[in-house]
$ cat final-v6.pdb   # PDB, C-alpha atoms
MODEL        1
ATOM      1  CA  MET A 759      -6.430  -9.167   2.280
ATOM      2  CA  GLU A 760      -3.315 -10.863   3.634
ATOM      3  CA  PHE A 761       0.258 -10.373   2.490
ATOM      4  CA  LYS A 762       3.203 -12.604   3.245
ATOM      5  CA  ASN A 763       6.864 -12.688   2.405
ATOM      6  CA  ARG A 764       6.765 -14.136  -1.113
ATOM      7  CA  ASP A 765      10.534 -14.430  -1.449
ATOM      8  CA  PRO A 766      12.302 -16.133   1.474
ATOM      9  CA  GLU A 767      15.637 -14.589   0.421
ATOM     10  CA  GLN A 768      14.331 -11.069   0.977
ATOM     11  CA  LYS A 769      13.961  -9.735   4.485
ATOM     12  CA  ILE A 770      10.847  -7.686   3.833
ATOM     13  CA  GLN A 771       8.130  -7.510   6.442
ATOM     14  CA  TYR A 772       4.646  -7.666   5.008
ATOM     15  CA  LEU A 773       1.540  -6.431   6.635
ATOM     16  CA  ILE A 774      -0.911  -9.003   7.871
ATOM     17  CA  ARG A 775      -4.128  -6.939   8.061
ATOM     18  CA  LYS A 776      -3.698  -4.540  10.961
ATOM     19  CA  ASP A 777      -6.339  -3.243  13.277
ATOM     20  CA  ARG A 778      -7.752  -0.082  11.699
ATOM     21  CA  ASN A 779      -7.099   1.762  14.947
ATOM     22  CA  GLU A 780      -3.357   1.332  14.324
ATOM     23  CA  ILE A 781      -3.503   3.116  10.964
ATOM     24  CA  SER A 782      -3.343   6.897  10.930
ATOM     25  CA  ASN A 783      -6.487   8.584   9.621
ATOM     26  CA  SER A 784      -4.343  11.089   7.768
ATOM     27  CA  ILE A 785      -3.183   8.475   5.235
ATOM     28  CA  THR A 786      -6.671   7.125   4.566
ATOM     29  CA  LYS A 787      -8.353  10.359   3.475
ATOM     30  CA  ASN A 788      -7.206  10.498  -0.148
ATOM     31  CA  TRP A 789      -5.193   8.646  -2.762
ATOM     32  CA  THR A 790      -1.506   9.521  -2.482
ATOM     33  CA  ASP A 791       0.979   8.637  -5.215
ATOM     34  CA  GLN A 792       2.335   5.772  -3.102
ATOM     35  CA  ALA A 793      -1.155   4.417  -2.434
ATOM     36  CA  ILE A 794      -1.912   4.504  -6.161
ATOM     37  CA  ARG A 795       1.361   2.683  -6.927
ATOM     38  CA  CYS A 796       0.439   0.024  -4.394
ATOM     39  CA  TYR A 797      -3.084  -0.240  -5.853
ATOM     40  CA  LEU A 798      -1.769  -0.523  -9.435
ATOM     41  CA  SER A 799       0.658  -3.301  -8.446
ATOM     42  CA  ASN A 800      -2.179  -5.200  -6.764
ATOM     43  CA  CYS A 801      -0.333  -4.651  -3.481
ATOM     44  CA  ASN A 802       2.691  -6.627  -4.678
ATOM     45  CA  CYS A 803       5.118  -5.869  -1.875
ATOM     46  CA  VAL A 804       8.033  -7.616  -3.591
ATOM     47  CA  ASP A 805       8.244  -4.864  -6.232
ATOM     48  CA  CYS A 806       7.483  -1.969  -3.887
ATOM     49  CA  SER A 807       9.998   0.822  -3.357
ATOM     50  CA  ILE A 808       8.998   1.114   0.307
ATOM     51  CA  ALA A 809       9.644  -2.572   0.965
ATOM     52  CA  LYS A 810      13.018  -2.411  -0.802
ATOM     53  CA  SER A 811      14.135   0.638   1.198
ATOM     54  CA  HIS A 812      14.607  -1.300   4.450
ATOM     55  CA  TYR A 813      12.648   1.080   6.636
ATOM     56  CA  SER A 814      12.336   0.230  10.308
ATOM     57  CA  PHE A 815       8.563  -0.197  10.096
ATOM     58  CA  VAL A 816       6.150  -2.652   8.568
ATOM     59  CA  CYS A 817       4.434  -1.162   5.530
ATOM     60  CA  GLN A 818       0.757  -0.436   6.103
ATOM     61  CA  MET A 819      -0.018   0.503   2.502
ATOM     62  CA  PRO A 820      -1.975  -2.658   1.558
ATOM     63  CA  ALA A 821      -4.352  -2.001   4.464
ATOM     64  CA  VAL A 822      -4.511   1.688   3.535
ATOM     65  CA  VAL A 823      -5.451   0.757  -0.040
ATOM     66  CA  GLN A 824      -8.248  -1.460   1.264
ATOM     67  CA  ILE A 825      -9.586   1.353   3.460
ATOM     68  CA  LEU A 826      -9.397   3.846   0.586
ATOM     69  CA  LEU A 827     -11.292   1.482  -1.690
ATOM     70  CA  GLU A 828     -13.996   1.022   0.937
ATOM     71  CA  GLN A 829     -14.288   4.680   1.931
ATOM     72  CA  ILE A 830     -13.768   6.671  -1.274
ATOM     73  CA  GLY A 831     -13.597   4.122  -4.070
ATOM     74  CA  HIS A 832     -11.006   3.572  -6.761
ATOM     75  CA  PRO A 833      -8.486   6.302  -7.565
ATOM     76  CA  LYS A 834      -9.537   8.702 -10.316
ATOM     77  CA  GLN A 835      -8.178   7.847 -13.747
ATOM     78  CA  ASN A 836      -6.707  11.346 -14.177
ATOM     79  CA  LYS A 837      -4.575  10.853 -11.011
ATOM     80  CA  ILE A 838      -3.407   7.472 -12.326
ATOM     81  CA  ASN A 839      -2.567   8.966 -15.729
ATOM     82  CA  LYS A 840      -0.635  11.825 -14.113
ATOM     83  CA  LEU A 841       1.356   9.387 -11.982
ATOM     84  CA  LEU A 842       2.202   7.162 -14.947
ATOM     85  CA  ALA A 843       3.113  10.061 -17.286
TER      86      ALA A 843
ENDMDL
END

$ encode --input "final-v6.pdb" --output "structure tokens"
Amino acid sequence: MEFKNRDPEQKIQYLIRKDRNEISNSITKNWTDQAIRCYLSNCNCVDCSIAKSHYSFVCQMPAVVQILLEQIGHPKQNKINKLLA
């Protein structure tokens, strides 16, 4: 999974698959609301609230989503429904 800046006018840094050792284990243990939002958008960074907030870090969420999918599977439908309600 590789993500690039899809809009040259925006100054959003996209994650190019990081080494798993650089990603905190604490954010790969369960599906958070932000991870579910990223998953539901198919990791579309252009529409992401984190990317639009101009934080001083590169978002790791696409890599986190990939790890979550591999380690615990897709998010439960009830968590998705609660988030979208």

$ resolve_selection --input "final-v6.pdb" --expression "the PyMOL selection byres ((chain A and resi 837) around 12)" --output "ChimeraX atom specification"
/A:788-795,798,832-836,838-843

$ write_last_selection --input "final-v6.pdb" --atoms "C-alpha atoms" --output "PDB file, in the coordinates of the input"
ATOM      1  CA  ASN A 788      -7.206  10.498  -0.148  1.00  0.00           C
ATOM      2  CA  TRP A 789      -5.193   8.646  -2.762  1.00  0.00           C
ATOM      3  CA  THR A 790      -1.506   9.521  -2.482  1.00  0.00           C
ATOM      4  CA  ASP A 791       0.979   8.637  -5.215  1.00  0.00           C
ATOM      5  CA  GLN A 792       2.335   5.772  -3.102  1.00  0.00           C
ATOM      6  CA  ALA A 793      -1.155   4.417  -2.434  1.00  0.00           C
ATOM      7  CA  ILE A 794      -1.912   4.504  -6.161  1.00  0.00           C
ATOM      8  CA  ARG A 795       1.361   2.683  -6.927  1.00  0.00           C
ATOM      9  CA  LEU A 798      -1.769  -0.523  -9.435  1.00  0.00           C
ATOM     10  CA  HIS A 832     -11.006   3.572  -6.761  1.00  0.00           C
ATOM     11  CA  PRO A 833      -8.486   6.302  -7.565  1.00  0.00           C
ATOM     12  CA  LYS A 834      -9.537   8.702 -10.316  1.00  0.00           C
ATOM     13  CA  GLN A 835      -8.178   7.847 -13.747  1.00  0.00           C
ATOM     14  CA  ASN A 836      -6.707  11.346 -14.177  1.00  0.00           C
ATOM     15  CA  ILE A 838      -3.407   7.472 -12.326  1.00  0.00           C
ATOM     16  CA  ASN A 839      -2.567   8.966 -15.729  1.00  0.00           C
ATOM     17  CA  LYS A 840      -0.635  11.825 -14.113  1.00  0.00           C
ATOM     18  CA  LEU A 841       1.356   9.387 -11.982  1.00  0.00           C
ATOM     19  CA  LEU A 842       2.202   7.162 -14.947  1.00  0.00           C
ATOM     20  CA  ALA A 843       3.113  10.061 -17.286  1.00  0.00           C
TER      21      ALA A 843
END

$ atom_distance --input "final-v6.pdb" --atom1 "atom CA of Gln818 of chain A" --atom2 "atom CA of Ile830 of chain A"
17.8 Å

$ atom_distance --input "final-v6.pdb" --atom1 "atom CA of Leu826 of chain A" --atom2 "atom CA of Ala809 of chain A"
20.1 Å

$ residues_around --input "final-v6.pdb" --residues "Ser782 of chain A" --least-positions-apart "6" --cutoff "12 Å" --atoms "only C-alpha atoms" --output "list of chain:residue names"
A:Lys776, A:Gln818, A:Met819, A:Ala821, A:Val822, A:Ile825

$ residues_around --input "final-v6.pdb" --residues "Asn800 of chain A" --least-positions-apart "3" --cutoff "12 Å" --atoms "all atoms listed in the file" --output "PyMOL selection string"
chain A and resi 759-761+793-797+803-806+819-821+823-824

$ atom_distance --input "final-v6.pdb" --atom1 "atom CA of Asn783 of chain A" --atom2 "atom CA of His812 of chain A"
23.9 Å
